[in-house]
file final-v8.cif (mmCIF, C-alpha atoms)
data_model
loop_
_atom_site.label_atom_id
_atom_site.label_comp_id
_atom_site.auth_asym_id
_atom_site.auth_seq_id
_atom_site.Cartn_x
_atom_site.Cartn_y
_atom_site.Cartn_z
CA ILE A 1 95.85 101.13 93.62
CA GLY A 2 96.73 100.12 97.18
CA PRO A 3 98.78 100.79 100.37
CA GLY A 4 102.11 101.52 98.54
CA PRO A 5 100.42 103.39 97.01
CA LEU A 6 100.42 101.47 93.74
CA VAL A 7 99.41 103.13 90.48
CA VAL A 8 99.59 101.33 87.14
CA ARG A 9 99.17 102.89 83.71
CA TRP A 10 98.22 101.41 80.33
CA ASP A 11 100.46 102.68 77.50
CA ALA A 12 98.43 101.05 74.67
CA ARG A 13 100.60 97.94 74.85
CA ARG A 14 100.92 96.90 78.47
CA TRP A 15 100.37 97.96 82.08
CA LYS A 16 103.28 99.71 83.79
CA VAL A 17 103.79 100.70 87.43
CA THR A 18 104.05 104.47 87.82
CA PRO A 19 106.32 105.67 90.67
CA THR A 20 104.56 107.44 93.55
CA PRO A 21 105.76 109.14 96.76
CA ASP A 22 106.30 106.39 99.35
CA ASP A 23 107.70 108.20 102.38
CA GLU A 24 104.74 107.18 104.61
CA TYR A 25 101.71 104.93 104.67
CA ARG A 26 99.27 105.94 101.95
CA GLN A 27 96.31 104.08 100.46
CA LEU A 28 94.56 105.12 97.24
CA VAL A 29 91.07 103.89 96.38
CA ALA A 30 89.80 105.99 93.43
CA LEU A 31 90.91 108.25 90.62
CA ASP A 32 89.51 110.50 87.88
CA GLY A 33 90.83 113.12 85.50
CA THR A 34 90.31 115.37 82.50
CA SER A 35 93.37 114.43 80.43
CA SER A 36 96.61 112.45 80.44
CA SER A 37 98.23 115.33 82.33
CA ASP A 38 95.47 116.07 84.84
CA ILE A 39 94.51 113.10 87.02
CA TRP A 40 93.51 113.01 90.68
CA ALA A 41 93.72 110.01 93.01
CA VAL A 42 92.32 109.95 96.55
CA GLY A 43 92.30 107.79 99.65
CA HIS A 44 93.86 108.24 103.08
CA SER A 45 97.24 108.48 104.73
CA LEU A 46 98.41 107.52 108.20
CA ASN A 47 101.06 108.98 110.48
CA PHE A 48 101.61 109.11 114.23
CA SER A 49 100.91 112.84 114.62
CA ASP A 50 97.66 113.21 112.64
CA GLY A 51 96.23 109.68 112.43
CA HIS A 52 94.22 108.81 109.34
CA GLN A 53 93.78 111.85 107.09
CA ALA A 54 92.41 112.61 103.63
CA LEU A 55 94.90 111.94 100.84
CA ALA A 56 94.89 113.60 97.42
CA MET A 57 97.54 113.01 94.79
CA HIS A 58 97.84 114.66 91.37
CA TRP A 59 99.42 113.47 88.12
CA ASP A 60 100.70 116.27 85.87
CA GLY A 61 101.73 114.04 82.98
CA ARG A 62 105.18 113.31 84.41
CA THR A 63 105.00 112.63 88.15
CA TRP A 64 102.61 111.99 91.00
CA ALA A 65 102.63 114.54 93.85
CA VAL A 66 100.83 114.68 97.17
CA VAL A 67 98.65 117.80 97.34
CA PRO A 68 97.90 119.06 100.88
CA THR A 69 94.37 118.62 102.24
CA PRO A 70 92.89 120.16 105.40
CA ILE A 71 93.85 118.32 108.60
CA PHE A 72 90.85 117.08 110.60
CA ALA A 73 90.78 116.69 114.39
CA GLY A 74 89.73 113.05 114.00
CA ASP A 75 90.15 110.55 111.19
CA VAL A 76 89.13 111.15 107.56
CA TYR A 77 88.79 108.61 104.76
CA LEU A 78 88.16 109.57 101.14
CA ASN A 79 86.41 106.98 98.95
CA ASP A 80 85.93 108.65 95.58
CA VAL A 81 86.83 111.64 93.40
CA SER A 82 85.13 113.21 90.40
CA VAL A 83 86.52 115.90 88.11
CA VAL A 84 84.39 118.50 86.29
CA ASN A 85 87.39 120.45 85.00
CA PRO A 86 90.89 121.36 86.28
CA THR A 87 89.45 123.95 88.68
CA ASP A 88 86.40 122.01 89.86
CA VAL A 89 87.08 118.67 91.56
CA TRP A 90 85.09 116.88 94.29
CA ALA A 91 86.25 114.19 96.70
CA VAL A 92 83.97 112.49 99.23
CA GLY A 93 84.21 110.12 102.15
CA TYR A 94 83.55 110.34 105.87
CA SER A 95 85.04 111.70 109.08
CA ILE A 96 85.33 110.02 112.47
CA PRO A 97 85.79 112.46 115.38
CA ALA A 98 86.66 111.45 118.92
CA ASN A 99 82.97 111.03 119.85
CA LEU A 100 82.47 108.61 116.90
CA ASP A 101 79.81 110.84 115.31
CA ILE A 102 80.60 109.62 111.78
CA GLN A 103 79.58 112.24 109.22
CA PRO A 104 79.90 112.74 105.45
CA HIS A 105 83.08 114.54 104.38
CA PHE A 106 83.28 116.74 101.27
CA LEU A 107 86.44 118.24 99.81
CA HIS A 108 86.58 120.61 96.82
CA TRP A 109 89.53 121.64 94.65
CA ASP A 110 89.25 125.11 93.08
CA GLY A 111 92.45 124.96 91.07
CA SER A 112 94.60 126.18 93.95
CA VAL A 113 93.65 124.49 97.24
CA TRP A 114 91.51 121.73 98.69
CA SER A 115 88.79 123.00 101.05
CA VAL A 116 86.26 121.32 103.32
CA ILE A 117 82.72 122.13 102.13
CA PRO A 118 80.05 122.11 104.87
CA SER A 119 77.07 119.79 104.59
CA PRO A 120 74.01 119.14 106.77
CA HIS A 121 74.89 117.50 110.08
CA LEU A 122 73.01 114.20 110.17
CA SER A 123 71.25 112.92 113.26
CA SER A 124 71.61 109.40 111.89
CA THR A 125 74.73 107.34 112.72
CA TYR A 126 77.40 105.67 110.60
CA ASN A 127 76.97 108.12 107.72
CA TYR A 128 79.27 106.86 104.96
CA LEU A 129 79.71 108.37 101.51
CA GLN A 130 81.18 105.94 99.00
CA SER A 131 80.92 107.62 95.59
CA VAL A 132 80.59 110.99 93.84
CA ALA A 133 79.57 111.97 90.31
CA ALA A 134 80.21 115.55 89.20
CA VAL A 135 79.02 116.57 85.74
CA ALA A 136 78.71 120.36 86.10
CA PRO A 137 79.44 123.03 88.74
CA ASN A 138 75.83 122.78 89.96
CA ARG A 139 75.20 119.08 89.27
CA VAL A 140 77.09 116.87 91.70
CA TRP A 141 75.75 113.80 93.50
CA ALA A 142 77.24 111.73 96.31
CA ALA A 143 75.94 108.32 97.41
CA GLY A 144 76.39 106.00 100.35
CA SER A 145 74.48 104.71 103.35
CA ARG A 146 73.52 105.76 106.86
CA THR A 147 71.96 104.14 109.91
CA LEU A 148 68.61 105.23 111.38
CA ASN A 149 67.39 104.42 114.89
CA GLY A 150 70.61 102.64 115.67
CA HIS A 151 70.06 99.68 113.34
CA GLN A 152 68.19 100.47 110.09
CA VAL A 153 70.69 100.96 107.25
CA VAL A 154 69.25 103.05 104.41
CA SER A 155 70.52 104.38 101.11
CA PHE A 156 71.81 107.92 101.20
CA MET A 157 72.16 110.59 98.50
CA GLU A 158 73.20 114.23 98.60
CA ARG A 159 73.26 116.79 95.78
CA TRP A 160 75.36 119.92 95.30
CA ASP A 161 73.34 122.63 93.53
CA GLY A 162 76.20 125.09 93.13
CA ARG A 163 75.65 126.65 96.54
CA GLN A 164 75.08 123.92 99.11
CA TRP A 165 74.72 120.20 99.71
CA ARG A 166 71.17 118.92 100.20
CA ILE A 167 69.90 115.47 101.13
CA GLU A 168 67.77 113.87 98.41
CA SER A 169 65.10 111.29 99.10
CA THR A 170 65.90 107.74 97.96
CA PRO A 171 63.78 104.57 98.00
CA ASN A 172 64.70 101.70 100.30
CA ARG A 173 63.72 98.07 100.48
CA PRO A 174 62.21 97.17 103.87
CA ASP A 175 63.43 94.56 106.34
CA GLY A 176 67.11 94.83 105.60
CA GLY A 177 70.10 97.06 104.95
CA ASN A 178 70.37 99.24 101.84
CA TYR A 179 73.95 100.08 100.83
CA LEU A 180 75.02 102.26 97.86
CA PHE A 181 78.63 102.10 96.62
CA ASP A 182 78.60 103.92 93.29
CA VAL A 183 76.72 106.68 91.48
CA THR A 184 76.87 107.92 87.89
CA VAL A 185 74.98 110.16 85.49
CA ASP A 186 74.13 108.77 82.05
CA PRO A 187 74.40 110.84 78.82
CA ALA A 188 70.67 111.65 78.94
CA GLY A 189 70.97 113.03 82.48
CA GLY A 190 69.51 110.05 84.31
CA LEU A 191 70.97 109.21 87.71
CA TRP A 192 72.06 105.65 88.57
CA SER A 193 73.33 104.26 91.85
CA ALA A 194 74.28 100.68 92.69
CA GLY A 195 75.09 98.63 95.77
CA TYR A 196 73.51 95.76 97.63
CA PHE A 197 70.59 94.83 99.89
CA TYR A 198 71.16 92.63 102.93
CA PRO A 199 67.88 91.04 104.15
CA GLU A 200 67.42 90.72 107.89
CA GLU A 201 66.18 87.13 107.61
CA SER A 202 68.81 85.89 105.17
CA SER A 203 72.54 85.72 104.72
CA VAL A 204 72.25 86.17 100.94
CA PHE A 205 73.19 89.60 99.59
CA GLN A 206 71.03 90.95 96.77
CA THR A 207 71.77 93.47 94.04
CA LEU A 208 70.44 96.98 94.65
CA ILE A 209 70.16 99.48 91.80
CA LEU A 210 68.43 102.85 92.00
CA HIS A 211 67.49 104.94 88.95
CA ARG A 212 66.08 108.45 88.61
CA LEU A 213 64.93 109.85 85.29
CA PRO A 214 66.34 113.20 84.10
#

call {"tool": "encode", "arguments": {"input": "final-v8.cif", "output": "structure tokens"}}
result
Amino acid sequence: IGPGPLVVRWDARRWKVTPTPDDEYRQLVALDGTSSSDIWAVGHSLNFSDGHQALAMHWDGRTWAVVPTPIFAGDVYLNDVSVVNPTDVWAVGYSIPANLDIQPHFLHWDGSVWSVIPSPHLSSTYNYLQSVAAVAPNRVWAAGSRTLNGHQVVSFMERWDGRQWRIESTPNRPDGGNYLFDVTVDPAGGLWSAGYFYPEESSVFQTLILHRLP
């Protein structure tokens, strides 16, 4: 997956490149699906008129197609996608408006169109969502990081309860930056999120893993 964009598929014997639309700059960074004929891939595209915008592509079992997403006044980058079923898909990332008030960005597919779903406006800065895990219509989590007081980077988690996104409290190691890059739900319902911790007094990155019991 990359700026081509490049998509490769395993056919049980070898990896093969799958043709994708290449009429403009597009970069894919994540994909998920429900079957061999229902796969979503997301990232961002770039053109002179709209700048960087959310990109969603769908595989129907035969071809990849770009599916329109709402155009944002600034730049939008999608970092992950998670599929509950063919009519319930979430994609997350962040938006960068002209005033550089970077905020989480949520898109939802209802089987017909992609829509922007509102979320709490954060007073913190550099609010990046990196991953999303959707296991049911009312059980969706998104993880990333945000910056408090201009310099303190903390882990960041939001949950969709079927009606709205809410910020969930997460633990943070002191005296350094806490970054989350992935989130998943285990078969028992436990929540896991992983990333790294960057100590203020060291140049050595450390593993960061958060876990919440069901």

call {"tool": "closest_residue", "arguments": {"input": "final-v8.cif", "among": "A:Val83, A:Leu122, A:Ile102, A:Leu180", "to": "A:Ser145", "atoms": "only C-alpha atoms"}}
result
A:Leu180

call {"tool": "residues_around", "arguments": {"input": "final-v8.cif", "residues": "A:Leu129", "least_positions_apart": "3", "cutoff": "8 Å", "atoms": "only C-alpha atoms", "output": "PyMOL selection string"}}
result
chain A and resi 79+92-94+104-105+142-145+156

call {"tool": "closest_residue", "arguments": {"input": "final-v8.cif", "among": "A:Thr184, A:Ser112, A:Ser124, A:Ser95", "to": "A:Val81", "atoms": "all atoms listed in the file"}}
result
A:Thr184

call {"tool": "resolve_selection", "arguments": {"input": "final-v8.cif", "expression": "the PyMOL selection byres ((chain A and resi 70) around 9)", "output": "number ranges by chain"}}
result
A: 53-54, 68-69, 71-72, 107, 114-116

call {"tool": "resolve_selection", "arguments": {"input": "final-v8.cif", "expression": "the PyMOL selection byres ((chain A and resi 190) around 7)", "output": "list in words"}}
result
Val185, Asp186, Ala188, Gly189, Leu191, Trp192, Arg212, Leu213 and Pro214 of chain A

call {"tool": "resolve_selection", "arguments": {"input": "final-v8.cif", "expression": "the PyMOL selection byres ((chain A and resi 17) around 6)", "output": "list of chain:residue names"}}
result
A:Val7, A:Val8, A:Lys16, A:Thr18

call {"tool": "residues_around", "arguments": {"input": "final-v8.cif", "residues": "stretch 31-43 of chain A", "least_positions_apart": "3", "cutoff": "7 Å", "atoms": "only C-alpha atoms", "output": "list in words"}}
result
Gln27, Leu28, Ala54, Leu55, Ala56, Met57, His58, Trp59, Asp60, Gly61, Tyr77, Leu78, Asn79, Asp80, Val81, Ser82, Val83 and Asn85 of chain A

call {"tool": "residues_around", "arguments": {"input": "final-v8.cif", "residues": "A:Gly162", "least_positions_apart": "6", "cutoff": "9 Å", "atoms": "all atoms listed in the file", "output": "ChimeraX atom specification"}}
result
/A:136-140

call {"tool": "closest_residue", "arguments": {"input": "final-v8.cif", "among": "A:Asp175, A:Asp110, A:Asp22, A:Asp50", "to": "A:Glu200", "atoms": "all atoms listed in the file"}}
result
A:Asp175

call {"tool": "atom_distance", "arguments": {"input": "final-v8.cif", "atom1": "atom CA of A:Ser123", "atom2": "atom CA of A:Val135"}}
result
28.8 Å

call {"tool": "atom_distance", "arguments": {"input": "final-v8.cif", "atom1": "atom CA of A:Phe205", "atom2": "atom CA of A:Met157"}}
result
21.0 Å

call {"tool": "atom_distance", "arguments": {"input": "final-v8.cif", "atom1": "atom CA of A:Pro174", "atom2": "atom CA of A:Phe106"}}
result
28.9 Å

call {"tool": "residues_around", "arguments": {"input": "final-v8.cif", "residues": "A:Gly177", "least_positions_apart": "3", "cutoff": "9 Å", "atoms": "only C-alpha atoms", "output": "tab-separated table (two decimals) with C-alpha atoms, in the coordinates of the input"}}
result
chain	number	residue	atom	x	y	z
A	145	SER	CA	74.48	104.71	103.35
A	147	THR	CA	71.96	104.14	109.91
A	151	HIS	CA	70.06	99.68	113.34
A	152	GLN	CA	68.19	100.47	110.09
A	153	VAL	CA	70.69	100.96	107.25
A	154	VAL	CA	69.25	103.05	104.41
A	155	SER	CA	70.52	104.38	101.11
A	172	ASN	CA	64.70	101.70	100.30
A	173	ARG	CA	63.72	98.07	100.48
A	174	PRO	CA	62.21	97.17	103.87
A	196	TYR	CA	73.51	95.76	97.63
A	197	PHE	CA	70.59	94.83	99.89
A	198	TYR	CA	71.16	92.63	102.93
A	199	PRO	CA	67.88	91.04	104.15
A	200	GLU	CA	67.42	90.72	107.89

call {"tool": "closest_residue", "arguments": {"input": "final-v8.cif", "among": "A:Val84, A:Leu148, A:Ala133, A:Val113", "to": "A:Val67", "atoms": "only C-alpha atoms"}}
result
A:Val113
